[in-house]
Amino acid sequence: MITELKNPVTEDYKKLKELVSGNNFPWHYLEKTVFNGEDKDDMSMFYHCLLGRPVHEVNGEKVPALPRSASSYFEYCYFILKDILDYNNIDFEVIYRMNINLTLHSKLKESIPHTDSNLPHKVVIVYLNEFSKGRTVVLGEDEQKYYSNPKEDNVIMFDGKLTHYQECPDMDEKRIVMVVNLQ
């Protein structure tokens, strides 16, 4: 259900980890990890959108439904991702979305179960720092739970049609991941 990929841990990758762990990386705050129209309690998070998901409307204005580069760090992160996928002999056609997410400890133990997109895709998650707890949980088609090993530098991949969620990191820890939806 969850495939563990090998990470070549390149020099550029190490620099990315330093960047996102430092004080100068730009983060944006979200009160919820999932916006699906439901009014459920959810964990809050910080995010940095590298490539925005394809949507038909932005701020009330119609736009072509194409992924849009949303950050000056996109190309840098794209080539780091490409290095990881090439190292694992994984090809892809398109990236639909690419984010770096930071989650802090919360009174809630887990985020809302969700899928990232209705489009056919794979989810790739790169664990960019060391923390305890904070696993990614993927629900199989039979609702069985599959758990990631959220160790620093681990990379996982799973089918995006499967519902997933994250567990809360431990007290005084932050969970920093790069999340990619690709086909």
# chains A, B, ... in the order shown; residues from 1 in each chain; ligands from 1

$ residues_around --residues "Gly160 (chain A)" --least-positions-apart "3" --cutoff "9 Å" --atoms "only C-alpha atoms" --output "ChimeraX atom specification"
/A:115-123,157,163-164,181-182

$ residues_around --residues "Ile156 (chain A)" --least-positions-apart "3" --cutoff "6 Å" --atoms "only C-alpha atoms" --output "VMD selection string"
chain A and resid 3 to 5 124 to 125

$ write_last_selection --atoms "C-alpha atoms" --output "compact mmCIF listing (two decimals), in the first residue's frame"
# COMPACT_ATOMS: atom_id res chain seq x y z
CA THR A 3 5.98 2.07 -1.10
CA GLU A 4 9.21 3.25 0.50
CA LEU A 5 11.56 4.91 -1.97
CA VAL A 124 4.95 11.29 -2.79
CA ILE A 125 5.92 12.44 0.70

$ atom_distance --atom1 "CA of Phe74 (chain A)" --atom2 "CA of Val34 (chain A)"
22.2 Å

$ closest_residue --among "A:Val138, A:Cys77, A:Val126, A:Val180" --to "Pro113 (chain A)" --atoms "only C-alpha atoms"
A:Val138

$ select_by_dssp --residues "chain A" --states "helix (DSSP H, G or I)" --output "list of chain:residue names"
A:Glu11, A:Asp12, A:Tyr13, A:Lys14, A:Lys15, A:Leu16, A:Lys17, A:Glu18, A:Leu19, A:Val20, A:Ser21, A:Phe74, A:Glu75, A:Tyr76, A:Cys77, A:Tyr78, A:Phe79, A:Ile80, A:Leu81, A:Lys82, A:Asp83, A:Ile84, A:Leu85, A:Asp86, A:Tyr87

$ residues_around --residues "region 82-93 of chain A" --least-positions-apart "4" --cutoff "9 Å" --atoms "only C-alpha atoms" --output "mmCIF file with N, CA and C atoms, in the first residue's frame"
data_model
loop_
_atom_site.group_PDB
_atom_site.id
_atom_site.type_symbol
_atom_site.label_atom_id
_atom_site.label_comp_id
_atom_site.auth_asym_id
_atom_site.auth_seq_id
_atom_site.Cartn_x
_atom_site.Cartn_y
_atom_site.Cartn_z
ATOM 1 N N LEU A 5 10.590 4.633 -0.925
ATOM 2 C CA LEU A 5 11.564 4.913 -1.966
ATOM 3 C C LEU A 5 12.917 5.199 -1.333
ATOM 4 N N LYS A 6 13.965 5.034 -2.113
ATOM 5 C CA LYS A 6 15.309 5.370 -1.651
ATOM 6 C C LYS A 6 15.568 6.845 -1.942
ATOM 7 N N ASN A 7 16.269 7.487 -1.050
ATOM 8 C CA ASN A 7 16.601 8.898 -1.189
ATOM 9 C C ASN A 7 18.114 9.023 -1.382
ATOM 10 N N PRO A 8 18.569 9.591 -2.510
ATOM 11 C CA PRO A 8 20.010 9.714 -2.719
ATOM 12 C C PRO A 8 20.672 10.776 -1.841
ATOM 13 N N VAL A 9 19.896 11.584 -1.136
ATOM 14 C CA VAL A 9 20.393 12.626 -0.215
ATOM 15 C C VAL A 9 21.523 13.421 -0.871
ATOM 16 N N THR A 10 21.173 14.118 -1.934
ATOM 17 C CA THR A 10 22.134 14.936 -2.678
ATOM 18 C C THR A 10 22.490 16.200 -1.898
ATOM 19 N N CYS A 77 13.127 22.657 -6.032
ATOM 20 C CA CYS A 77 12.494 21.480 -5.427
ATOM 21 C C CYS A 77 12.108 20.441 -6.478
ATOM 22 N N TYR A 78 11.725 20.918 -7.665
ATOM 23 C CA TYR A 78 11.391 20.004 -8.761
ATOM 24 C C TYR A 78 12.587 19.098 -9.068
ATOM 25 N N VAL A 155 11.282 8.575 2.134
ATOM 26 C CA VAL A 155 10.380 8.996 1.060
ATOM 27 C C VAL A 155 9.375 7.867 0.865
ATOM 28 N N LEU A 182 1.498 13.558 -8.384
ATOM 29 C CA LEU A 182 1.999 13.432 -9.745
ATOM 30 C C LEU A 182 1.335 12.270 -10.454
ATOM 31 N N GLN A 183 1.438 12.268 -11.755
ATOM 32 C CA GLN A 183 0.889 11.197 -12.573
ATOM 33 C C GLN A 183 1.969 10.771 -13.561
#

$ residues_around --residues "Glu173 (chain A)" --least-positions-apart "2" --cutoff "7 Å" --atoms "only C-alpha atoms" --output "short mmCIF file (atom, residue, chain, number, x, y, z; two decimals) with C-alpha atoms, in the first residue's frame"
data_model
loop_
_atom_site.label_atom_id
_atom_site.label_comp_id
_atom_site.auth_asym_id
_atom_site.auth_seq_id
_atom_site.Cartn_x
_atom_site.Cartn_y
_atom_site.Cartn_z
CA LEU A 104 3.26 21.51 15.02
CA HIS A 105 1.92 19.58 18.00
CA PHE A 131 10.53 14.07 14.66
CA PRO A 169 3.98 15.28 15.92
CA ASP A 170 5.10 15.10 19.53
CA MET A 171 5.23 18.08 21.90
CA ARG A 175 6.89 17.80 11.15
#

$ residues_around --residues "Asn129 (chain A)" --least-positions-apart "5" --cutoff "8 Å" --atoms "only C-alpha atoms" --output "mmCIF file with C-alpha atoms, in the first residue's frame"
data_model
loop_
_atom_site.group_PDB
_atom_site.id
_atom_site.type_symbol
_atom_site.label_atom_id
_atom_site.label_comp_id
_atom_site.auth_asym_id
_atom_site.auth_seq_id
_atom_site.Cartn_x
_atom_site.Cartn_y
_atom_site.Cartn_z
ATOM 1 C CA LYS A 17 16.492 20.776 4.459
ATOM 2 C CA SER A 21 14.359 24.392 8.861
ATOM 3 C CA LYS A 151 12.116 8.965 9.687
ATOM 4 C CA GLU A 152 14.158 11.930 8.461
ATOM 5 C CA ASP A 153 15.037 11.567 4.735
ATOM 6 C CA ARG A 175 6.893 17.798 11.150
ATOM 7 C CA ILE A 176 8.235 19.144 7.841
ATOM 8 C CA VAL A 177 7.384 17.257 4.643
#

$ closest_residue --among "A:Ile112, A:Leu19, A:Leu139, A:Leu51" --to "Ser72 (chain A)" --atoms "only C-alpha atoms"
A:Leu51
